[in-house]
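Below is structure-v8.cif, which holds mmCIF, C-alpha atoms.
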```cif
data_protein
#
loop_
_atom_site.label_atom_id
_atom_site.label_comp_id
_atom_site.auth_asym_id
_atom_site.auth_seq_id
_atom_site.Cartn_x
_atom_site.Cartn_y
_atom_site.Cartn_z
CA MET V 1 11.62 57.21 -31.96
CA THR V 2 14.13 55.51 -29.70
CA GLN V 3 12.70 52.11 -28.83
CA TRP V 4 11.19 51.05 -32.12
CA SER V 5 13.53 48.08 -32.26
CA GLY V 6 12.24 46.91 -28.87
CA TYR V 7 8.66 47.19 -30.02
CA PHE V 8 9.51 45.34 -33.18
CA GLY V 9 10.94 42.57 -30.99
CA LEU V 10 7.56 42.35 -29.22
CA ILE V 11 5.78 41.98 -32.54
CA LEU V 12 8.21 39.26 -33.62
CA GLN V 13 7.51 37.38 -30.38
CA GLY V 14 3.84 37.67 -31.21
CA ALA V 15 4.51 36.32 -34.70
CA LEU V 16 6.16 33.25 -33.16
CA VAL V 17 3.10 32.61 -30.97
CA THR V 18 0.84 33.01 -34.02
CA ILE V 19 2.95 30.54 -36.02
CA GLU V 20 3.01 28.09 -33.12
CA LEU V 21 -0.79 28.31 -32.78
CA THR V 22 -1.29 27.88 -36.51
CA LEU V 23 0.93 24.79 -36.63
CA MET V 24 -0.57 23.08 -33.58
CA GLY V 25 -4.10 24.03 -34.61
CA SER V 26 -3.48 22.65 -38.11
CA VAL V 27 -2.26 19.31 -36.74
CA LEU V 28 -5.36 18.95 -34.54
CA ALA V 29 -7.58 20.08 -37.43
CA LEU V 30 -6.00 17.52 -39.75
CA VAL V 31 -6.57 14.68 -37.28
CA MET V 32 -10.17 15.77 -36.63
CA ALA V 33 -10.79 16.20 -40.36
CA PHE V 34 -9.85 12.61 -41.14
CA LEU V 35 -11.63 11.18 -38.11
CA ALA V 36 -14.87 13.05 -38.82
CA GLY V 37 -14.62 12.88 -42.62
CA LEU V 38 -14.11 9.11 -42.60
CA GLY V 39 -16.67 8.84 -39.80
CA ARG V 40 -19.32 10.40 -42.02
CA LEU V 41 -18.63 7.74 -44.65
CA SER V 42 -18.73 4.91 -42.14
CA ARG V 43 -20.98 1.86 -42.40
CA PHE V 44 -22.07 2.31 -38.79
CA PHE V 45 -24.91 4.64 -37.97
CA VAL V 46 -23.48 5.68 -34.61
CA LEU V 47 -20.19 6.82 -36.13
CA ARG V 48 -22.01 8.70 -38.89
CA ALA V 49 -24.28 10.44 -36.37
CA LEU V 50 -21.38 11.38 -34.11
CA ALA V 51 -19.35 12.80 -36.99
CA THR V 52 -22.32 14.74 -38.35
CA ALA V 53 -23.12 16.19 -34.93
CA TYR V 54 -19.50 17.28 -34.48
CA ILE V 55 -19.34 18.90 -37.92
CA GLU V 56 -22.68 20.70 -37.66
CA PHE V 57 -21.96 21.92 -34.15
CA PHE V 58 -18.56 23.40 -34.92
CA ARG V 59 -19.56 24.84 -38.27
CA GLY V 60 -22.76 26.24 -36.82
CA THR V 61 -21.21 28.48 -34.19
CA SER V 62 -18.35 30.86 -34.72
CA ILE V 63 -14.78 30.29 -33.59
CA PHE V 64 -15.07 33.27 -31.28
CA VAL V 65 -17.99 31.81 -29.33
CA GLN V 66 -16.30 28.40 -29.17
CA LEU V 67 -13.10 29.93 -27.87
CA PHE V 68 -14.92 31.84 -25.14
CA TRP V 69 -16.84 28.75 -24.27
CA ALA V 70 -13.66 26.69 -23.99
CA TYR V 71 -11.93 29.35 -21.94
CA PHE V 72 -14.69 30.60 -19.65
CA VAL V 73 -17.28 27.82 -19.38
CA LEU V 74 -15.18 24.65 -19.36
CA PRO V 75 -13.51 25.62 -16.03
CA PHE V 76 -16.94 25.26 -14.40
CA ALA V 77 -17.01 21.68 -15.66
CA GLY V 78 -13.68 21.16 -13.91
CA ILE V 79 -11.51 21.52 -17.03
CA SER V 80 -9.21 24.51 -16.72
CA LEU V 81 -7.28 25.30 -19.87
CA THR V 82 -4.44 27.74 -20.39
CA PRO V 83 -5.15 30.31 -23.10
CA LEU V 84 -2.82 28.44 -25.46
CA GLN V 85 -4.59 25.10 -24.87
CA ALA V 86 -8.02 26.70 -25.27
CA GLY V 87 -6.85 28.42 -28.46
CA VAL V 88 -5.42 25.28 -30.05
CA LEU V 89 -8.48 23.27 -29.03
CA ALA V 90 -11.01 25.75 -30.41
CA LEU V 91 -9.07 26.46 -33.61
CA GLY V 92 -8.33 22.80 -34.31
CA LEU V 93 -11.87 21.59 -33.65
CA ASN V 94 -13.44 24.46 -35.62
CA VAL V 95 -11.28 24.23 -38.74
CA GLY V 96 -11.28 20.43 -38.44
CA ALA V 97 -15.06 20.47 -38.91
CA TYR V 98 -14.73 22.43 -42.16
CA ALA V 99 -11.86 20.25 -43.36
CA ALA V 100 -13.87 17.09 -42.55
CA GLU V 101 -16.31 18.05 -45.29
CA VAL V 102 -13.34 18.45 -47.63
CA VAL V 103 -12.16 14.93 -46.79
CA ARG V 104 -15.62 13.54 -47.38
CA GLY V 105 -16.06 15.39 -50.66
CA ALA V 106 -12.65 14.31 -51.95
CA ILE V 107 -13.23 10.65 -51.14
CA LYS V 108 -16.66 10.80 -52.75
CA SER V 109 -15.13 12.36 -55.86
CA ILE V 110 -13.08 9.23 -56.57
CA GLY V 111 -14.79 7.34 -59.35
CA ARG V 112 -16.83 4.18 -58.89
CA GLU V 113 -14.52 2.22 -61.14
CA GLN V 114 -11.71 2.62 -58.60
CA TYR V 115 -13.85 0.93 -55.95
CA GLU V 116 -14.90 -1.77 -58.39
CA ALA V 117 -11.28 -2.39 -59.34
CA CYS V 118 -10.49 -2.78 -55.62
CA THR V 119 -13.25 -5.34 -55.25
CA ALA V 120 -12.02 -7.13 -58.35
CA LEU V 121 -8.52 -7.28 -56.85
CA ASN V 122 -10.02 -8.65 -53.66
CA LEU V 123 -8.73 -5.80 -51.48
CA GLY V 124 -10.29 -5.34 -48.06
CA ARG V 125 -12.09 -2.10 -47.20
CA TRP V 126 -9.13 -0.79 -45.23
CA GLN V 127 -6.61 -1.86 -47.91
CA ALA V 128 -8.65 -0.19 -50.64
CA MET V 129 -8.92 3.02 -48.64
CA ARG V 130 -5.24 3.06 -47.65
CA HIS V 131 -3.63 2.12 -50.97
CA ILE V 132 -6.07 3.16 -53.68
CA ILE V 133 -8.63 5.74 -52.58
CA LEU V 134 -6.76 7.97 -50.11
CA PRO V 135 -3.63 8.55 -52.24
CA GLN V 136 -5.84 9.87 -55.02
CA ALA V 137 -8.23 11.75 -52.73
CA LEU V 138 -5.37 13.43 -50.87
CA LEU V 139 -4.39 15.32 -53.98
CA VAL V 140 -7.96 16.58 -54.41
CA MET V 141 -8.06 17.72 -50.77
CA LEU V 142 -4.75 19.54 -50.76
CA PRO V 143 -5.67 22.91 -52.34
CA THR V 144 -8.74 23.26 -50.10
CA PHE V 145 -6.67 22.23 -47.07
CA GLY V 146 -4.38 25.13 -47.98
CA ASN V 147 -7.34 27.50 -47.87
CA ASN V 148 -8.43 26.00 -44.55
CA ALA V 149 -4.94 26.56 -43.13
CA ILE V 150 -5.11 30.23 -44.17
CA GLU V 151 -8.55 30.50 -42.52
CA LEU V 152 -6.98 29.02 -39.38
CA LEU V 153 -4.11 31.51 -39.50
CA LYS V 154 -6.62 34.35 -39.76
CA ALA V 155 -8.71 32.90 -36.94
CA THR V 156 -5.69 32.90 -34.60
CA ALA V 157 -6.13 36.67 -34.27
CA VAL V 158 -9.17 35.96 -32.10
CA VAL V 159 -7.08 34.35 -29.34
CA SER V 160 -5.70 37.80 -28.50
CA LEU V 161 -9.11 38.39 -26.89
CA ILE V 162 -8.44 35.68 -24.27
CA SER V 163 -5.13 37.36 -23.45
CA LEU V 164 -2.81 35.10 -25.42
CA ALA V 165 0.16 37.19 -26.58
CA ASP V 166 -0.09 36.63 -30.35
CA LEU V 167 0.56 39.16 -33.14
CA THR V 168 -2.70 41.04 -32.66
CA PHE V 169 -2.25 41.18 -28.90
CA GLN V 170 1.28 42.55 -29.20
CA ALA V 171 0.10 45.15 -31.70
CA GLN V 172 -2.41 46.32 -29.08
CA VAL V 173 0.38 46.45 -26.49
CA VAL V 174 2.54 48.55 -28.81
CA ARG V 175 -0.44 50.78 -29.56
CA SER V 176 -1.16 51.42 -25.90
CA GLN V 177 2.50 52.09 -25.08
CA THR V 178 3.40 54.34 -28.00
CA GLY V 179 0.05 55.85 -28.89
CA ASN V 180 0.88 55.11 -32.50
CA THR V 181 -1.78 53.07 -34.27
CA LEU V 182 -0.75 53.08 -37.91
CA VAL V 183 2.66 51.42 -37.56
CA PRO V 184 1.80 48.40 -35.37
CA PHE V 185 -1.40 47.53 -37.21
CA SER V 186 0.10 47.97 -40.68
CA THR V 187 3.08 45.84 -39.65
CA ILE V 188 0.98 42.94 -38.43
CA LEU V 189 -1.32 43.12 -41.47
CA VAL V 190 1.75 42.70 -43.67
CA ILE V 191 3.07 39.85 -41.50
CA TYR V 192 -0.27 38.03 -41.62
CA PHE V 193 -0.38 38.44 -45.39
CA ALA V 194 3.19 37.17 -45.75
CA LEU V 195 2.34 34.10 -43.64
CA ALA V 196 -0.76 33.47 -45.76
CA LEU V 197 1.33 33.69 -48.94
CA LEU V 198 3.84 31.30 -47.38
CA ILE V 199 1.09 28.75 -46.67
CA SER V 200 -0.34 28.93 -50.18
CA TRP V 201 3.14 28.66 -51.69
CA GLY V 202 3.95 25.65 -49.47
CA VAL V 203 0.71 23.88 -50.33
CA ARG V 204 1.24 24.48 -54.03
CA SER V 205 4.74 23.00 -54.01
CA LEU V 206 3.51 20.07 -51.92
CA GLU V 207 0.76 19.52 -54.47
CA ARG V 208 3.29 19.47 -57.32
CA ARG V 209 5.40 16.93 -55.46
CA MET V 210 2.48 14.66 -54.70
CA ALA V 211 1.12 14.87 -58.22
CA ARG V 212 4.35 13.34 -59.46
CA GLY V 213 3.81 9.76 -60.52
CA LEU V 214 0.06 10.25 -60.72
CA ASP V 215 0.18 11.55 -64.29
CA GLY V 216 -2.71 10.31 -66.33
CA VAL V 217 -4.65 9.31 -63.22
CA ARG V 218 -6.22 12.70 -62.83
CA VAL V 219 -8.63 13.67 -65.53
CA MET B 1 -21.82 25.98 -10.59
CA GLU B 2 -25.02 24.82 -12.17
CA TRP B 3 -27.35 25.95 -14.88
CA ASP B 4 -29.87 28.43 -13.47
CA TRP B 5 -33.10 29.02 -15.42
CA ASP B 6 -34.09 32.04 -13.30
CA PHE B 7 -30.83 33.71 -14.24
CA VAL B 8 -31.52 32.88 -17.89
CA ARG B 9 -34.91 34.60 -17.65
CA GLN B 10 -33.27 37.58 -16.01
CA ILE B 11 -30.63 38.13 -18.69
CA LEU B 12 -32.72 37.23 -21.73
CA PRO B 13 -34.02 40.79 -22.42
CA THR B 14 -30.45 42.16 -22.43
CA LEU B 15 -29.32 39.43 -24.82
CA ILE B 16 -32.24 40.13 -27.15
CA GLU B 17 -31.07 43.75 -27.38
CA GLY B 18 -27.76 42.32 -28.57
CA VAL B 19 -29.46 40.03 -31.08
CA LYS B 20 -31.06 43.07 -32.73
CA ILE B 21 -27.68 44.71 -33.28
CA THR B 22 -26.18 41.40 -34.49
CA ILE B 23 -28.92 41.05 -37.10
CA LEU B 24 -28.69 44.71 -38.11
CA ALA B 25 -24.91 44.44 -38.57
CA THR B 26 -25.33 41.26 -40.64
CA LEU B 27 -27.96 42.81 -42.92
CA LEU B 28 -26.01 46.03 -43.51
CA GLY B 29 -22.77 44.08 -43.92
CA SER B 30 -24.40 41.76 -46.46
CA VAL B 31 -25.65 44.66 -48.57
CA LEU B 32 -22.20 46.27 -48.50
CA ALA B 33 -20.47 42.96 -49.29
CA ALA B 34 -22.80 42.38 -52.24
CA VAL B 35 -22.02 45.82 -53.66
CA VAL B 36 -18.28 45.75 -52.92
CA GLY B 37 -17.99 42.24 -54.37
CA LEU B 38 -19.62 43.32 -57.61
CA GLY B 39 -17.35 46.36 -57.76
CA ILE B 40 -14.23 44.24 -57.27
CA ALA B 41 -15.37 41.65 -59.81
CA LEU B 42 -16.04 44.34 -62.43
CA ALA B 43 -12.78 46.18 -61.69
CA ARG B 44 -10.79 42.97 -62.09
CA ARG B 45 -12.29 42.46 -65.54
CA SER B 46 -11.46 46.02 -66.56
CA PRO B 47 -9.24 46.39 -69.65
CA ASN B 48 -7.26 48.95 -67.64
CA ARG B 49 -4.34 46.82 -66.42
CA ALA B 50 -3.31 49.16 -63.59
CA LEU B 51 -6.83 49.19 -62.16
CA SER B 52 -7.43 45.45 -62.37
CA ARG B 53 -3.99 44.60 -60.92
CA THR B 54 -4.32 47.05 -58.02
CA VAL B 55 -7.83 45.94 -57.10
CA GLY B 56 -6.80 42.30 -57.47
CA PHE B 57 -3.87 42.74 -55.10
CA LEU B 58 -5.93 44.68 -52.55
CA ALA B 59 -8.63 42.00 -52.58
CA GLU B 60 -6.01 39.30 -52.14
CA PHE B 61 -4.50 41.25 -49.25
CA ILE B 62 -7.82 41.72 -47.48
CA ARG B 63 -8.64 38.05 -47.93
CA GLY B 64 -5.27 37.00 -46.50
CA THR B 65 -5.45 39.00 -43.29
CA PRO B 66 -7.69 38.54 -40.22
CA LEU B 67 -10.99 40.38 -40.01
CA LEU B 68 -10.26 41.28 -36.38
CA VAL B 69 -7.12 43.21 -37.32
CA GLN B 70 -8.96 44.94 -40.16
CA LEU B 71 -11.64 46.01 -37.69
CA TYR B 72 -8.96 47.41 -35.37
CA PHE B 73 -7.41 49.17 -38.33
CA ILE B 74 -10.67 50.83 -39.32
CA PHE B 75 -11.61 51.69 -35.77
CA TYR B 76 -8.25 52.81 -34.34
CA VAL B 77 -6.10 53.92 -37.28
CA LEU B 78 -8.55 55.84 -39.44
CA PRO B 79 -9.27 58.44 -36.69
CA ASP B 80 -5.60 59.50 -37.02
CA PHE B 81 -6.48 60.57 -40.54
CA GLY B 82 -9.56 62.42 -39.40
CA VAL B 83 -12.07 59.66 -40.18
CA LEU B 84 -13.92 59.06 -36.93
CA LEU B 85 -16.50 56.30 -37.28
CA PRO B 86 -19.06 55.07 -34.75
CA PRO B 87 -18.33 51.43 -33.75
CA LEU B 88 -21.27 49.94 -35.63
CA VAL B 89 -20.41 51.77 -38.85
CA ALA B 90 -16.75 50.71 -38.56
CA GLY B 91 -17.91 47.12 -37.97
CA VAL B 92 -20.24 47.09 -40.94
CA ILE B 93 -17.53 48.52 -43.20
CA GLY B 94 -15.08 45.87 -41.96
CA LEU B 95 -17.53 43.02 -42.53
CA GLY B 96 -18.60 44.37 -45.90
CA LEU B 97 -15.05 44.85 -47.19
CA HIS B 98 -13.79 41.51 -45.91
CA TYR B 99 -16.68 39.47 -47.26
CA GLY B 100 -16.80 41.61 -50.40
CA THR B 101 -13.50 40.05 -51.41
CA TYR B 102 -15.10 36.63 -51.06
CA THR B 103 -18.31 37.50 -52.90
CA ALA B 104 -16.16 38.97 -55.68
CA GLU B 105 -15.04 35.42 -56.47
CA VAL B 106 -18.68 34.30 -56.58
CA TYR B 107 -19.51 37.10 -59.02
CA ARG B 108 -16.46 36.23 -61.13
CA ALA B 109 -17.54 32.60 -61.43
CA GLY B 110 -21.14 33.64 -62.11
CA ILE B 111 -20.13 36.07 -64.86
CA ASP B 112 -17.74 33.54 -66.41
CA ASN B 113 -20.60 31.05 -66.53
CA VAL B 114 -22.70 33.22 -68.83
CA PRO B 115 -22.22 31.62 -72.25
CA ARG B 116 -20.12 33.41 -74.87
CA GLY B 117 -23.06 33.44 -77.24
CA GLN B 118 -24.85 35.91 -74.99
CA TRP B 119 -22.01 38.42 -75.27
CA GLU B 120 -21.89 37.98 -79.02
CA ALA B 121 -25.66 38.31 -79.34
CA ALA B 122 -25.54 41.52 -77.28
CA LYS B 123 -22.91 42.89 -79.63
CA ALA B 124 -24.95 41.79 -82.66
CA CYS B 125 -27.96 43.67 -81.26
CA ASN B 126 -25.76 46.76 -81.07
CA LEU B 127 -26.03 47.12 -77.26
CA ASN B 128 -23.34 49.23 -75.62
CA ALA B 129 -21.30 48.04 -72.62
CA THR B 130 -23.69 49.38 -69.95
CA GLN B 131 -26.73 47.92 -71.69
CA THR B 132 -25.01 44.57 -72.15
CA TRP B 133 -24.19 44.38 -68.45
CA THR B 134 -27.49 45.60 -67.03
CA HIS B 135 -29.87 43.87 -69.42
CA ILE B 136 -28.07 40.72 -70.54
CA ILE B 137 -25.19 39.56 -68.37
CA ILE B 138 -26.11 40.48 -64.78
CA PRO B 139 -29.74 39.24 -64.91
CA GLN B 140 -28.47 35.84 -66.11
CA ALA B 141 -25.43 35.69 -63.87
CA ILE B 142 -27.12 36.52 -60.55
CA PRO B 143 -29.70 33.74 -59.92
CA PRO B 144 -27.20 30.83 -60.06
CA MET B 145 -24.94 32.61 -57.57
CA ILE B 146 -27.61 33.24 -54.95
CA PRO B 147 -26.87 30.06 -52.93
CA ALA B 148 -23.12 30.80 -52.87
CA LEU B 149 -23.74 34.41 -51.87
CA ALA B 150 -26.14 33.31 -49.12
CA ASN B 151 -23.46 30.95 -47.87
CA TYR B 152 -21.06 33.86 -47.34
CA PHE B 153 -23.74 35.98 -45.69
CA ILE B 154 -24.31 33.18 -43.19
CA ALA B 155 -20.56 32.97 -42.61
CA MET B 156 -20.54 36.72 -42.01
CA PHE B 157 -23.37 36.36 -39.52
CA LYS B 158 -21.24 33.92 -37.54
CA GLU B 159 -18.33 36.39 -37.55
CA THR B 160 -20.35 39.27 -36.08
CA PRO B 161 -19.22 38.45 -32.48
CA LEU B 162 -15.85 39.92 -33.53
CA LEU B 163 -17.51 43.33 -33.55
CA SER B 164 -17.59 43.16 -29.75
CA ALA B 165 -13.81 43.77 -29.87
CA ILE B 166 -14.45 47.27 -31.22
CA THR B 167 -17.12 47.95 -28.59
CA VAL B 168 -20.23 47.31 -30.71
CA LEU B 169 -22.93 46.23 -28.27
CA GLU B 170 -23.99 43.13 -30.20
CA LEU B 171 -24.99 39.76 -28.73
CA MET B 172 -21.50 38.63 -27.69
CA ASN B 173 -20.71 41.92 -26.02
CA GLN B 174 -23.99 41.95 -24.11
CA ALA B 175 -23.29 38.38 -23.00
CA LYS B 176 -19.79 39.33 -21.85
CA SER B 177 -21.07 42.34 -19.95
CA VAL B 178 -23.77 40.37 -18.09
CA ALA B 179 -21.21 37.65 -17.43
CA ASN B 180 -18.82 40.20 -15.93
CA THR B 181 -21.57 41.84 -13.87
CA TYR B 182 -22.83 38.63 -12.25
CA TYR B 183 -19.64 36.53 -12.49
CA ARG B 184 -21.59 33.80 -14.24
CA TYR B 185 -20.29 32.68 -17.60
CA ILE B 186 -22.12 29.39 -18.22
CA GLU B 187 -25.54 30.76 -19.10
CA PRO B 188 -24.69 33.84 -21.21
CA ILE B 189 -21.95 32.22 -23.32
CA THR B 190 -23.91 28.99 -23.78
CA LEU B 191 -27.00 30.95 -24.81
CA VAL B 192 -24.95 32.84 -27.40
CA GLY B 193 -23.65 29.53 -28.75
CA ALA B 194 -27.15 28.03 -28.80
CA PHE B 195 -28.50 31.08 -30.59
CA PHE B 196 -25.87 30.92 -33.33
CA LEU B 197 -26.27 27.17 -33.67
CA ALA B 198 -30.05 27.48 -34.00
CA ILE B 199 -29.78 30.16 -36.68
CA SER B 200 -27.12 28.18 -38.53
CA LEU B 201 -29.15 24.98 -38.55
CA PHE B 202 -32.12 26.97 -39.81
CA SER B 203 -29.95 28.56 -42.49
CA VAL B 204 -28.84 25.11 -43.69
CA VAL B 205 -32.49 24.43 -44.50
CA LEU B 206 -32.80 27.83 -46.17
CA LEU B 207 -29.66 27.16 -48.26
CA ARG B 208 -31.01 23.80 -49.46
CA TRP B 209 -34.17 25.56 -50.57
CA LEU B 210 -32.20 28.33 -52.33
CA GLU B 211 -30.08 25.74 -54.11
CA HIS B 212 -33.22 23.93 -55.20
CA ARG B 213 -34.85 27.17 -56.36
CA TYR B 214 -31.93 29.00 -58.00
CA GLY B 215 -28.99 26.60 -58.13
CA ARG B 216 -29.61 25.26 -61.61
CA ILE B 217 -29.40 27.27 -64.77
CA GLU B 218 -32.47 26.74 -66.89
CA ARG B 219 -31.68 26.15 -70.50
#
```
Could you render the structure from this file as C-alpha cells?
Amino acid sequence: MTQWSGYFGLILQGALVTIELTLMGSVLALVMAFLAGLGRLSRFFVLRALATAYIEFFRGTSIFVQLFWAYFVLPFAGISLTPLQAGVLALGLNVGAYAAEVVRGAIKSIGREQYEACTALNLGRWQAMRHIILPQALLVMLPTFGNNAIELLKATAVVSLISLADLTFQAQVVRSQTGNTLVPFSTILVIYFALALLISWGVRSLERRMARGLDGVRV
Amino acid sequence: MEWDWDFVRQILPTLIEGVKITILATLLGSVLAAVVGLGIALARRSPNRALSRTVGFLAEFIRGTPLLVQLYFIFYVLPDFGVLLPPLVAGVIGLGLHYGTYTAEVYRAGIDNVPRGQWEAAKACNLNATQTWTHIIIPQAIPPMIPALANYFIAMFKETPLLSAITVLELMNQAKSVANTYYRYIEPITLVGAFFLAISLFSVVLLRWLEHRYGRIER
C-alpha cells in the first residue's frame, strides 16, 4: 500500500524507454523504408535484388528471432551491441522492411500521366521523383506509416526479453516485488493503448496538414 | 566461434520437438482467430448499440497493445481470479484473441463486399436473419477473404516465438534452452531464423496460389 508511488515511478521510467525506442526505431525504419522501397523500383538489377533480399529476409522472420540474433549471435562476429542498440536495430530494420513495401506501393499508385507530364516538362528522373511523384506518394503512404509505427510500438515490448528496462520489463519488476499482477499489467496495457492512440491522432493531423494545397489532386 | 555441423546434428531432434509445438500453436491459434474474428465482425454489425460499441472498443484496445503483454496478462493475472491455464492454452488464447481483432477487419470488408442485391433478394425470398447469413452472405463473403486471412495466419506463425516468454516449449524456447546448456548461440538461433525464413518463403508461394484461386469474385 505504501510505495505505490515509487512503483509508479518505475513504470513511468519504463514508458520513457519505450517512447525512446519507438522514436529511434521509427527514424531507422523510415530511412530503411525509403532506401529499400526506392531500391526495389531502381533501374539497376543489383539494387533491386539487394532491396528485395532485405525486405524478404526481415519480413520472413519474426522480430523476436531477429532481436535475439542481433543480441546473442552478432557478438560472435565481433559486433557487441548494448540492448538498446540491438533493440533499435532490430525494430528499425524489421518495420523498415514492411514500410518499404508501403513506399513502393504508394509510388506505383501514382498515375502514368504524372510521369508523362514530367517527361513532357523535361524533368530528370531525380527531379520528377523529388518534386512531382514523392509529394503525392507521401500522402498515400502516411496512414499506413501510422499503422507501421503502432506495430513498432507494440513490438518494443519484446526488448524486455533482452533485459532492456522498458514498460513491460518494469511491469515484471513491479510484479516480482509486490506480488500483485493485476495492477502493473493493467497499467501498462492502458499506457500502450494511450501511446497507440497518440500515434494515430498525430498521423491523422499530419495527414490533414499535408493534404492542404493538394485539393483536387487526389481522386 | 565457428559454425559446427556436428553440434547442429546433435541439437536438431530437440529443435524438431519445438517445431511441433510451434505448428500446433499456430493451427489452434488460427482456428480461434477465425472464430473470434467472425464473432467480433458480427457483434460490430449488431443493431444493439451497446454491444457493438463495447466490442468495437475492446477490439481496438487489443489491437493497440502488445501481444507479449496480453500473454503475460492471461498467464499471470487470470490465476488471481481462479483461472489457471496451462502455458500452451494461455498462448493459444492470446494468439487467437489478438489476431481475431485483425481477422475481424477482414470479415468486415468481406461482408461489406457482398452486393446489396443479395441482401434484398434474401429478404424477397422470405429468409430469416440466420438463413440469410448461413446460406447467402457467408458462403459468398468467405472465398474472397481467404488470401487476407491466410496472410494473418502466417503473421501469427511468425509471432509464436513470443510464447516462449510464458514458458511454452516451442521452437524458440527449445533453442534458448540448448543455447544456455552448451553456451553456443550461433547454431540454435540461426537455425530458428532459417526455419522461419524457409516457411515464410514457402508461404509466399502458397499465398500467390490462394490469391490466384480465390482472390477474384466470379460474376
Ground truth for the PyMOL selection byres ((chain B) within 7 of (chain V)), written as an MDAnalysis selection string: chainID B and resid 1 61 64:66 68:69 73 76:77 158:159 161 185:186 189 193 196:197 200:201
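Once Val159 of chain V and its same-chain neighbours fewer than 5 positions away are set aside, Phe64, Leu67, Pro83, Leu84, Ala86, Gly87, Leu164, Ala165, Asp166, Thr168 and Phe169 of chain V remain within 9 Å of it when counting all atoms listed in the file.
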Given the PyMOL selection byres ((chain B and resi 129-137) around 12), the residues it picks as a ChimeraX atom specification: /B:38,42,46,107-108,110-128,138-143
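Between Phe195 of chain B and the candidates B:Leu210, B:Leu171, B:Leu149, B:Leu32, the tightest atom-to-atom separation, counting all atoms listed in the file, involves B:Leu171.
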Atom-to-atom span, atom CA of Ile132 of chain V and atom CA of Gly146 of chain V, Å: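 Taking atom CA of Ile132 of chain V and atom CA of Gly146 of chain V, their separation equals 22.8 Å.
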Interatomic distance, atom CA of Ile40 of chain B to atom CA of Ala59 of chain B (Å, one decimal): 7.6 Å
Within 7 Å of Gly37 of chain B using only C-alpha atoms, minus same-chain residues under 3 positions, as a ChimeraX atom specification: /B:33-34,40-41,100-101,103-104
Result set of the PyMOL selection byres ((chain V and resi 37) around 10) on the coordinates above, as a VMD selection string: chain V and resid 31 to 36 38 to 42 48 51 to 52 55 96 to 107
Distance query Val31 of chain B at most 12 Å, all atoms listed in the file, self and fewer than 2 positions along chain excluded, as a list of chain:residue names: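 The residues that qualify are B:Leu24, B:Ala25, B:Thr26, B:Leu27, B:Leu28, B:Gly29, B:Ala33, B:Ala34, B:Val35, B:Val36, B:Gly37, B:Leu38, B:Val92, B:Ile93, B:Leu95, B:Gly96, B:Leu97, B:Tyr99, B:Gly100, B:Thr103, B:Leu149, B:Ala150, B:Tyr152, B:Phe153, B:Met156.
Interatomic distance, atom CA of Glu17 of chain B against atom CA of Lys176 of chain B: 13.3 Å.
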Around segment 42-46 of chain V, fit a box with edges along x, y and z, padding it by 5 Å on each side, then list its centre and edge lengths in Å to one decimal as AutoDock Vina command-line options.
```
--center_x -21.8 --center_y 3.8 --center_z -38.5 --size_x 16.2 --size_y 13.8 --size_z 17.8
```
Contacts of Val88 of chain V at 7 Å (all atoms listed in the file; same-chain gap of 6+ positions) as a ChimeraX atom specification: /V:21,24-25
Starting from the structure just given, write a file holding segment 49-87 of chain B with C-alpha atoms, as a PDB file, in the first residue's frame.
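So part19.pdb came out as:
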```
ATOM      1  CA  ARG B  49     -25.569  -0.080 -29.936  1.00  0.00           C
ATOM      2  CA  ALA B  50     -24.166  -1.002 -26.513  1.00  0.00           C
ATOM      3  CA  LEU B  51     -22.934  -4.371 -27.778  1.00  0.00           C
ATOM      4  CA  SER B  52     -21.364  -3.081 -30.990  1.00  0.00           C
ATOM      5  CA  ARG B  53     -19.671  -0.129 -29.234  1.00  0.00           C
ATOM      6  CA  THR B  54     -18.265  -2.278 -26.411  1.00  0.00           C
ATOM      7  CA  VAL B  55     -16.942  -4.971 -28.730  1.00  0.00           C
ATOM      8  CA  GLY B  56     -15.559  -2.314 -31.064  1.00  0.00           C
ATOM      9  CA  PHE B  57     -13.656  -0.628 -28.243  1.00  0.00           C
ATOM     10  CA  LEU B  58     -12.329  -3.913 -26.863  1.00  0.00           C
ATOM     11  CA  ALA B  59     -11.108  -4.958 -30.308  1.00  0.00           C
ATOM     12  CA  GLU B  60      -9.437  -1.583 -30.778  1.00  0.00           C
ATOM     13  CA  PHE B  61      -7.796  -1.938 -27.360  1.00  0.00           C
ATOM     14  CA  ILE B  62      -6.470  -5.415 -28.066  1.00  0.00           C
ATOM     15  CA  ARG B  63      -5.143  -4.295 -31.426  1.00  0.00           C
ATOM     16  CA  GLY B  64      -3.374  -1.308 -29.871  1.00  0.00           C
ATOM     17  CA  THR B  65      -1.481  -3.201 -27.183  1.00  0.00           C
ATOM     18  CA  PRO B  66       1.432  -5.654 -27.485  1.00  0.00           C
ATOM     19  CA  LEU B  67       0.739  -9.370 -27.769  1.00  0.00           C
ATOM     20  CA  LEU B  68       3.518 -10.079 -25.265  1.00  0.00           C
ATOM     21  CA  VAL B  69       1.795  -8.064 -22.532  1.00  0.00           C
ATOM     22  CA  GLN B  70      -1.525  -9.719 -23.334  1.00  0.00           C
ATOM     23  CA  LEU B  71       0.136 -13.112 -22.964  1.00  0.00           C
ATOM     24  CA  TYR B  72       1.537 -12.069 -19.577  1.00  0.00           C
ATOM     25  CA  PHE B  73      -1.901 -10.827 -18.616  1.00  0.00           C
ATOM     26  CA  ILE B  74      -3.572 -14.124 -19.485  1.00  0.00           C
ATOM     27  CA  PHE B  75      -0.837 -16.206 -17.922  1.00  0.00           C
ATOM     28  CA  TYR B  76      -0.093 -14.242 -14.740  1.00  0.00           C
ATOM     29  CA  VAL B  77      -3.203 -12.194 -13.942  1.00  0.00           C
ATOM     30  CA  LEU B  78      -6.025 -14.619 -14.652  1.00  0.00           C
ATOM     31  CA  PRO B  79      -4.823 -17.135 -11.989  1.00  0.00           C
ATOM     32  CA  ASP B  80      -5.601 -14.417  -9.387  1.00  0.00           C
ATOM     33  CA  PHE B  81      -9.214 -14.779 -10.458  1.00  0.00           C
ATOM     34  CA  GLY B  82      -9.085 -18.546 -10.239  1.00  0.00           C
ATOM     35  CA  VAL B  83      -8.484 -19.196 -13.948  1.00  0.00           C
ATOM     36  CA  LEU B  84      -5.341 -21.305 -14.076  1.00  0.00           C
ATOM     37  CA  LEU B  85      -4.364 -22.126 -17.650  1.00  0.00           C
ATOM     38  CA  PRO B  86      -1.557 -24.363 -18.914  1.00  0.00           C
ATOM     39  CA  PRO B  87       1.043 -22.309 -20.864  1.00  0.00           C
TER      40      PRO B  87
END
```
